[in-house]
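Below is input_32.tsv, holding TSV, C-alpha atoms and all ligand atoms.
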chain	number	residue	atom	x	y	z
A	307	MET	CA	33.66	15.96	-22.00
A	308	HIS	CA	35.23	12.79	-20.66
A	309	ASP	CA	35.85	9.39	-22.09
A	310	LEU	CA	37.61	6.38	-20.66
A	311	ASP	CA	40.74	6.77	-22.79
A	312	GLN	CA	41.09	10.39	-21.78
A	313	ILE	CA	40.78	9.45	-18.11
A	314	ARG	CA	43.27	6.57	-18.57
A	315	HIS	CA	45.71	9.01	-20.15
A	316	GLN	CA	45.38	11.46	-17.24
A	317	ILE	CA	45.96	8.64	-14.74
A	318	GLU	CA	49.02	7.40	-16.64
A	319	SER	CA	50.64	10.86	-16.68
A	320	ASP	CA	49.76	11.43	-13.05
A	321	LEU	CA	51.29	8.11	-11.96
A	322	GLU	CA	54.42	8.73	-13.98
A	323	ALA	CA	54.86	12.14	-12.34
A	324	ARG	CA	54.33	10.68	-8.87
A	325	LEU	CA	57.01	8.07	-9.53
A	326	GLN	CA	59.69	10.59	-10.44
A	327	LEU	CA	61.30	9.82	-7.10
A	328	ALA	CA	64.85	10.85	-6.36
A	329	SER	CA	66.81	7.84	-5.22
A	330	VAL	CA	68.02	8.60	-1.70
A	331	HIS	CA	69.11	5.23	-0.35
A	332	SER	CA	68.73	2.74	-3.17
A	333	SER	CA	68.29	3.34	-6.88
A	334	ALA	CA	67.25	-0.32	-7.28
A	335	LEU	CA	64.33	0.27	-4.92
A	336	VAL	CA	63.08	3.29	-6.83
A	337	GLU	CA	63.60	1.57	-10.18
A	338	ALA	CA	61.70	-1.49	-8.96
A	339	MET	CA	58.80	0.71	-7.83
A	340	LYS	CA	58.61	2.39	-11.26
A	341	TYR	CA	59.02	-0.96	-13.03
A	342	SER	CA	56.07	-2.38	-11.11
A	343	VAL	CA	53.69	0.51	-11.62
A	344	CYS	CA	54.49	1.84	-15.09
A	345	GLY	CA	53.76	-0.31	-18.12
A	346	THR	CA	50.91	-2.06	-19.81
A	347	ALA	CA	48.43	-2.15	-16.94
A	348	LYS	CA	44.74	-1.65	-17.65
A	349	ARG	CA	44.30	0.80	-14.72
A	350	VAL	CA	40.76	-0.46	-14.20
A	351	ARG	CA	40.55	0.39	-10.50
A	352	ALA	CA	41.96	3.90	-10.96
A	353	VAL	CA	39.65	4.64	-13.89
A	354	LEU	CA	36.70	3.42	-11.80
A	355	VAL	CA	37.55	5.98	-9.09
A	356	CYS	CA	37.60	8.81	-11.65
A	357	ALA	CA	34.58	7.56	-13.63
A	358	THR	CA	32.51	7.47	-10.43
A	359	THR	CA	33.49	11.02	-9.51
A	360	VAL	CA	32.73	12.18	-13.07
A	361	GLY	CA	29.40	10.31	-12.95
A	362	PHE	CA	28.38	12.50	-10.02
A	363	GLY	CA	29.30	15.62	-12.02
A	364	GLU	CA	32.72	16.39	-10.53
A	365	ASP	CA	36.04	16.84	-12.32
A	366	THR	CA	38.55	13.98	-12.80
A	367	TYR	CA	41.37	16.11	-11.41
A	368	ARG	CA	40.08	15.86	-7.84
A	369	ALA	CA	39.91	12.06	-8.08
A	370	LEU	CA	43.49	11.59	-9.28
A	371	PRO	CA	45.15	11.12	-5.83
A	372	PRO	CA	42.87	8.25	-4.70
A	373	ALA	CA	43.01	6.85	-8.25
A	374	ALA	CA	46.83	6.80	-8.11
A	375	ALA	CA	46.72	5.38	-4.59
A	376	ILE	CA	44.56	2.41	-5.52
A	377	GLU	CA	46.84	1.64	-8.47
A	378	LEU	CA	49.88	1.76	-6.16
A	379	ILE	CA	48.21	-0.64	-3.74
A	380	HIS	CA	47.28	-2.91	-6.64
A	381	ALA	CA	50.86	-2.83	-7.98
A	382	TYR	CA	52.26	-3.69	-4.53
A	383	SER	CA	49.82	-6.61	-4.25
A	384	LEU	CA	50.92	-7.99	-7.63
A	385	VAL	CA	54.63	-7.67	-6.77
A	386	HIS	CA	54.12	-9.58	-3.53
A	387	ASP	CA	51.71	-12.05	-5.12
A	388	ASP	CA	54.33	-13.01	-7.73
A	389	LEU	CA	57.01	-13.80	-5.11
A	390	PRO	CA	58.29	-17.39	-4.80
A	391	ASP	CA	56.58	-17.77	-1.40
A	392	MET	CA	53.24	-16.75	-2.85
A	393	ASP	CA	52.16	-17.46	-6.44
A	394	ASP	CA	55.75	-17.84	-7.67
A	395	SER	CA	55.11	-16.21	-11.01
A	396	ASP	CA	57.97	-15.38	-13.40
A	397	THR	CA	56.06	-12.97	-15.62
A	398	ARG	CA	53.69	-10.08	-15.13
A	399	ARG	CA	52.29	-7.65	-17.68
A	400	GLY	CA	54.29	-9.33	-20.43
A	401	LYS	CA	57.69	-8.88	-18.76
A	402	PRO	CA	59.67	-10.57	-15.98
A	403	SER	CA	57.96	-10.13	-12.62
A	404	CYS	CA	59.57	-7.67	-10.20
A	405	HIS	CA	61.51	-10.27	-8.17
A	406	LYS	CA	62.77	-11.93	-11.39
A	407	HIS	CA	64.21	-8.60	-12.46
A	408	TYR	CA	65.38	-7.14	-9.14
A	409	GLY	CA	65.50	-10.13	-6.77
A	410	SER	CA	63.10	-10.96	-3.94
A	411	THR	CA	64.58	-8.59	-1.36
A	412	ILE	CA	64.10	-5.48	-3.48
A	413	ALA	CA	60.71	-6.76	-4.70
A	414	ILE	CA	59.43	-7.12	-1.12
A	415	LEU	CA	60.72	-3.66	-0.22
A	416	ALA	CA	59.32	-2.10	-3.40
A	417	GLY	CA	55.89	-3.52	-2.50
A	418	ASP	CA	56.19	-2.14	1.03
A	419	ALA	CA	57.22	1.29	-0.26
A	420	LEU	CA	54.41	1.38	-2.84
A	421	GLN	CA	51.90	0.70	-0.08
A	422	ALA	CA	53.20	3.59	2.04
A	423	LEU	CA	53.30	5.85	-1.03
A	424	ALA	CA	49.63	5.06	-1.69
A	425	PHE	CA	48.58	6.42	1.68
A	426	SER	CA	50.81	9.49	1.59
A	427	THR	CA	49.39	10.26	-1.88
A	428	ILE	CA	45.89	10.44	-0.42
A	429	LEU	CA	46.83	12.12	2.85
A	430	GLU	CA	48.76	14.90	1.10
A	431	ALA	CA	46.19	15.55	-1.65
A	432	ALA	CA	45.76	19.32	-1.69
A	433	GLN	CA	42.68	19.15	-3.94
A	434	LEU	CA	40.71	17.18	-1.31
A	435	THR	CA	39.30	18.34	2.00
A	436	VAL	CA	40.81	16.88	5.16
A	437	GLN	CA	37.60	14.89	5.67
A	438	GLN	CA	37.81	13.46	2.16
A	439	ARG	CA	41.46	12.48	2.64
A	440	THR	CA	40.65	10.78	5.93
A	441	ASP	CA	37.65	8.97	4.45
A	442	CYS	CA	39.55	7.79	1.35
A	443	ALA	CA	42.50	6.60	3.45
A	444	ALA	CA	40.14	4.70	5.78
A	445	VAL	CA	38.32	3.08	2.85
A	446	LEU	CA	41.54	2.02	1.16
A	447	ALA	CA	43.16	0.76	4.38
A	448	ASN	CA	40.07	-1.28	5.17
A	449	ALA	CA	39.83	-2.78	1.67
A	450	SER	CA	43.52	-3.60	1.34
A	451	GLY	CA	44.22	-4.89	4.84
A	452	TRP	CA	43.65	-7.97	6.97
A	453	ARG	CA	39.89	-8.02	6.51
A	454	TYR	CA	39.79	-8.03	2.72
A	455	MET	CA	42.69	-8.00	0.24
A	456	VAL	CA	45.41	-9.42	2.49
A	457	GLY	CA	42.87	-11.66	4.22
A	458	GLY	CA	41.62	-12.94	0.87
A	459	GLN	CA	45.18	-13.53	-0.25
A	460	ALA	CA	45.87	-15.57	2.92
A	461	MET	CA	42.77	-17.61	2.19
A	462	ASP	CA	43.93	-18.09	-1.40
A	463	MET	CA	47.29	-19.40	-0.17
A	464	GLU	CA	45.44	-21.89	2.02
A	465	LEU	CA	43.34	-22.90	-0.94
A	466	MET	CA	46.50	-24.14	-2.62
A	467	HIS	CA	46.62	-26.68	0.16
A	468	GLY	CA	43.06	-27.80	-0.41
A	469	ALA	CA	41.46	-25.85	2.47
A	470	ILE	CA	38.62	-24.48	0.33
A	471	HIS	CA	35.88	-26.94	-0.45
A	472	ASP	CA	32.92	-25.03	-1.81
A	473	LEU	CA	31.85	-22.13	-3.94
A	474	ASP	CA	30.76	-19.97	-0.98
A	475	GLN	CA	34.25	-20.07	0.45
A	476	LEU	CA	35.68	-19.30	-2.96
A	477	PHE	CA	33.41	-16.26	-3.33
A	478	THR	CA	34.39	-15.05	0.15
A	479	MET	CA	38.00	-15.28	-0.96
A	480	HIS	CA	37.28	-13.47	-4.24
A	481	GLU	CA	35.37	-10.73	-2.47
A	482	GLY	CA	38.36	-10.10	-0.23
A	483	LYS	CA	41.26	-10.58	-2.58
A	484	THR	CA	39.88	-8.86	-5.66
A	485	GLY	CA	36.41	-7.46	-4.96
A	486	ALA	CA	37.34	-5.18	-2.08
A	487	LEU	CA	39.57	-2.91	-4.18
A	488	PHE	CA	36.82	-2.54	-6.77
A	489	ARG	CA	34.39	-1.64	-4.01
A	490	ALA	CA	36.92	0.85	-2.61
A	491	ALA	CA	37.34	2.40	-6.08
A	492	LEU	CA	33.65	3.28	-6.36
A	493	GLU	CA	33.46	4.31	-2.71
A	494	MET	CA	36.41	6.71	-3.05
A	495	GLY	CA	34.91	8.12	-6.26
A	496	ALA	CA	31.75	8.89	-4.28
A	497	ILE	CA	33.74	10.47	-1.43
A	498	VAL	CA	35.58	12.78	-3.85
A	499	ALA	CA	32.21	13.78	-5.32
A	500	GLY	CA	31.21	14.99	-1.87
A	501	PHE	CA	29.31	12.08	-0.31
A	502	SER	CA	29.93	10.93	3.23
A	503	ARG	CA	30.53	7.32	4.19
A	504	ASP	CA	27.07	7.05	5.70
A	505	SER	CA	25.27	8.43	2.63
A	506	GLU	CA	22.92	6.42	0.42
A	507	GLN	CA	25.05	7.20	-2.66
A	508	PHE	CA	28.16	5.79	-0.97
A	509	GLU	CA	26.27	2.64	0.02
A	510	THR	CA	24.89	2.15	-3.50
A	511	MET	CA	28.27	2.61	-5.18
A	512	SER	CA	29.76	0.22	-2.63
A	513	LYS	CA	27.27	-2.49	-3.65
A	514	ALA	CA	27.91	-1.90	-7.36
A	515	GLY	CA	31.67	-2.05	-6.79
A	516	THR	CA	31.45	-5.39	-5.04
A	517	LYS	CA	29.48	-6.86	-7.95
A	518	ILE	CA	31.96	-5.49	-10.52
A	519	GLY	CA	34.83	-6.95	-8.50
A	520	VAL	CA	33.38	-10.43	-8.45
A	521	ALA	CA	32.54	-10.21	-12.16
A	522	PHE	CA	36.15	-9.18	-12.83
A	523	GLN	CA	37.56	-12.08	-10.80
A	524	LEU	CA	35.24	-14.63	-12.44
A	525	THR	CA	36.42	-13.32	-15.80
A	526	ASP	CA	40.01	-13.70	-14.60
A	527	ASP	CA	39.36	-17.35	-13.70
A	528	PHE	CA	37.65	-17.89	-17.04
A	529	LEU	CA	40.57	-16.34	-18.96
A	530	ASP	CA	43.09	-18.31	-16.93
A	531	ALA	CA	41.37	-21.50	-18.05
A	532	THR	CA	40.85	-20.56	-21.69
A	533	ALA	CA	43.30	-17.88	-22.90
A	534	GLU	CA	46.78	-18.15	-24.34
A	535	VAL	CA	49.90	-16.99	-22.50
A	536	GLU	CA	50.68	-14.24	-25.07
A	537	GLN	CA	47.20	-12.89	-24.56
A	538	LEU	CA	47.47	-12.68	-20.77
A	539	GLY	CA	51.04	-11.41	-20.36
A	540	LYS	CA	51.42	-13.96	-17.55
A	541	PRO	CA	51.30	-17.77	-17.41
A	542	ALA	CA	47.94	-19.15	-18.56
A	543	GLY	CA	46.43	-22.12	-16.71
A	544	ALA	CA	48.34	-21.04	-13.60
A	545	ASP	CA	45.45	-21.88	-11.27
A	546	SER	CA	45.10	-25.51	-12.21
A	547	LEU	CA	48.88	-25.96	-12.56
A	548	ALA	CA	49.26	-24.69	-8.99
A	549	GLY	CA	46.56	-27.15	-7.91
A	550	LYS	CA	44.26	-24.23	-7.08
A	551	LYS	CA	40.51	-24.40	-7.24
A	552	SER	CA	39.29	-21.44	-9.24
A	553	ALA	CA	35.63	-20.80	-10.05
A	554	VAL	CA	36.18	-22.94	-13.16
A	555	ALA	CA	36.97	-25.97	-11.00
A	556	PHE	CA	33.58	-25.67	-9.28
A	557	LEU	CA	31.43	-24.35	-12.11
A	558	GLY	CA	33.11	-25.23	-15.42
A	559	THR	CA	34.08	-22.62	-18.01
A	560	GLU	CA	30.61	-21.91	-19.39
A	561	GLU	CA	28.92	-21.36	-16.03
A	562	THR	CA	31.86	-19.26	-14.81
A	563	ARG	CA	31.31	-17.01	-17.83
A	564	ASN	CA	27.54	-16.92	-17.22
A	565	ARG	CA	28.04	-15.93	-13.59
A	566	ALA	CA	30.45	-13.14	-14.58
A	567	ILE	CA	27.80	-11.74	-16.90
A	568	GLN	CA	25.13	-12.14	-14.23
A	569	TYR	CA	27.22	-10.11	-11.74
A	570	LEU	CA	27.83	-7.48	-14.40
A	571	ASP	CA	24.07	-7.21	-15.06
A	572	GLU	CA	23.38	-6.85	-11.35
A	573	ALA	CA	26.01	-4.11	-11.09
A	574	VAL	CA	24.44	-2.27	-14.02
A	575	GLU	CA	20.98	-2.44	-12.40
A	576	ILE	CA	22.41	-0.92	-9.20
A	577	LEU	CA	24.19	1.82	-11.17
A	578	LYS	CA	20.93	2.75	-12.91
A	579	SER	CA	19.39	3.56	-9.53
A	580	ILE	CA	21.96	6.31	-8.93
A	581	ASP	CA	20.94	9.94	-9.40
A	582	GLY	CA	23.84	10.75	-11.73
A	583	ASP	CA	25.24	9.57	-15.05
A	584	MET	CA	27.15	6.34	-14.42
A	585	THR	CA	27.58	5.55	-18.13
A	586	LEU	CA	31.39	5.51	-17.89
A	587	VAL	CA	31.37	3.24	-14.84
A	588	GLN	CA	28.98	0.92	-16.65
A	589	ARG	CA	31.13	0.91	-19.80
A	590	LEU	CA	34.20	0.09	-17.77
A	591	ALA	CA	32.40	-2.71	-15.92
A	592	GLU	CA	31.45	-4.14	-19.32
A	593	GLU	CA	35.08	-3.89	-20.45
A	594	CYS	CA	36.11	-5.83	-17.32
A	595	VAL	CA	33.93	-8.76	-18.29
A	596	HIS	CA	34.51	-8.64	-22.06
A	597	ARG	CA	38.30	-8.12	-21.83
A	598	GLN	CA	40.78	-10.47	-23.48
A	599	ARG	CA	43.56	-10.18	-20.86
B	1	LIG	C1	50.00	-10.14	-1.96
B	1	LIG	C2	48.71	-8.88	-0.18
B	1	LIG	C3	48.74	-9.52	-1.49
B	1	LIG	C4	47.62	-9.53	-2.21
B	1	LIG	C5	47.54	-10.05	-3.55
B	1	LIG	C6	45.14	-9.08	-6.00
B	1	LIG	C7	46.01	-10.11	-5.42
B	1	LIG	C8	46.13	-10.09	-3.97
B	1	LIG	C9	46.69	-10.97	-6.16
B	1	LIG	C10	46.63	-11.04	-7.63
B	1	LIG	C11	46.42	-12.40	-8.07
B	1	LIG	C12	45.56	-12.38	-9.26
B	1	LIG	C13	46.23	-12.54	-10.56
B	1	LIG	C14	44.24	-12.23	-9.10
B	1	LIG	C15	43.32	-12.17	-10.20
B	1	LIG	C16	42.66	-10.86	-10.35
B	1	LIG	C17	43.66	-9.81	-10.54
B	1	LIG	C18	43.90	-8.96	-9.39
B	1	LIG	C19	44.27	-9.66	-11.72
B	1	LIG	C20	45.25	-8.62	-12.00
B	1	LIG	O1	44.63	-7.37	-12.13
B	1	LIG	P1	44.50	-6.64	-13.53
B	1	LIG	O2	43.98	-7.59	-14.56
B	1	LIG	O3	46.02	-6.35	-13.85
B	1	LIG	O4	43.74	-5.38	-13.33
B	1	LIG	P2	46.70	-5.10	-14.59
B	1	LIG	O5	48.05	-5.66	-15.02
B	1	LIG	O6	45.88	-4.69	-15.76
B	1	LIG	O7	46.83	-4.05	-13.55

Please, can you express the file's structure as structure tokens?
Amino acid sequence: MHDLDQIRHQIESDLEARLQLASVHSSALVEAMKYSVCGTAKRVRAVLVCATTVGFGEDTYRALPPAAAIELIHAYSLVHDDLPDMDDSDTRRGKPSCHKHYGSTIAILAGDALQALAFSTILEAAQLTVQQRTDCAAVLANASGWRYMVGGQAMDMELMHGAIHDLDQLFTMHEGKTGALFRAALEMGAIVAGFSRDSEQFETMSKAGTKIGVAFQLTDDFLDATAEVEQLGKPAGADSLAGKKSAVAFLGTEETRNRAIQYLDEAVEILKSIDGDMTLVQRLAEECVHRQR
């Protein structure tokens, strides 16, 4: 019997164990890595990996390495995103951002090390076959690299200088920066459950993941425009203060919310077509859109 809290708990313990790193060269580096991963994160992407695997009838345990890996990549992206040369954010998850606490040099290096740790976590996962490790590593590298997450982030940085003019461009950016990791979460969950990258199940989960990712990002834009700083654990209204065009700038708050719900509904329809029980994935997707932070 699985539920989302139980899975979240397993992921939390697993991450904590993986971050018990002996400090060889720099204790600040290791501390900064732990500081950036452990804490009040929602672990949405990691839980999605496990929930997908469980939905196909496999055990959570086998999904833990890719689940940890995606959370490590996510943590690295947030550390780098908060840096003065990027979003220049002083707070993250209700506490000073990594560079505010450890300085930019250690924050950059902690992000770099978290990224490498993500891939070694997958590549050394004894509970996965060599093919599954290779497939998960390829999926995560593709989603987090130049083509998607980093590419989307570069586009977002350009957007601060007014380079993005319409909603299509904004959605392309969202799909890369945020959506790709959600897609990778569901894809890796399918791989762990035994499906190859050219299978129908993989393709279907990939489509659902993309929809959930966009719904999540639209909700993020909506919350940024409407929520209070205490609620978010990071500065509210950051997008408009930075002169950025979020979905709210193009659509207004109400339509942004409507679109998030529309993407959620489309994801749920896709999930229903799967021969498996994707209830947990669906519940988590709903949480993504109905969250308060
Ligand atoms: C620096 C290469 C590089 C990439 C950064 C994801 C990203 C790309 C930047 C984050 C900027 C941001 C706040 C985007 C909005 C969506 C988002 C990723 C929110 C944070 O994720 P949550 O809500 O955070 O899952 P927790 O703290 O719960 O893990």

Residues of stretch 356-434 of chain A that have any atom at most 12 Å from an atom of stretch 562-581 of chain A: could you tabulate them with the shortest-distance atom pair and the distance in Å to one decimal, using only C-alpha atoms, ordered by chain and increasing number, as a tab-separated table?
residue	atom	partner	partner_atom	distance
A:Thr358	CA	A:Leu577	CA	10.1
A:Gly361	CA	A:Asp581	CA	9.2
A:Phe362	CA	A:Asp581	CA	7.9
A:Gly363	CA	A:Asp581	CA	10.4

Selection export as a PDB file, in the frame of the given file, atoms kept: C-alpha atoms:
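Okay, part_7.pdb is ready:
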ATOM      1  CA  THR A 358      32.510   7.470 -10.430  1.00  0.00           C
ATOM      2  CA  GLY A 361      29.400  10.310 -12.950  1.00  0.00           C
ATOM      3  CA  PHE A 362      28.380  12.500 -10.020  1.00  0.00           C
ATOM      4  CA  GLY A 363      29.300  15.620 -12.020  1.00  0.00           C
TER       5      GLY A 363
END

Inset, instruction - Write out as a VMD selection string each polymer residue whose atoms come within 10 Å of A:Cys594, counting only C-alpha atoms; drop sequence neighbours fewer than 6 positions from it. - result: chain A and resid 348 350 518 to 519 521 to 523 525 to 526 566 570 588

Inset, instruction - Could the residues that lie within 6 Å of ligand LIG 1 (chain B), counting all atoms listed in the file, be listed as a list in words? - result: Ala347, Lys348, Arg349, Val350, Ser383, Leu384, His386, Asp387, Arg399, Met455, Val456, Gln459, Lys483, Thr484, Gln523 and Asp526 of chain A

Taking all listed atoms of stretch 344-353 of chain A, build the axis-aligned box, pad each of the six sides by 8 Å, then write its centre and edge lengths in Å to one decimal as AutoDock Vina command-line options.
--center_x 47.1 --center_y 1.2 --center_z -15.2 --size_x 30.8 --size_y 22.8 --size_z 25.3

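Taking only C-alpha atoms into account, A:Thr427 lies nearest to A:Arg324 out of the set A:Lys401, A:Arg324, A:His315, A:Arg589.
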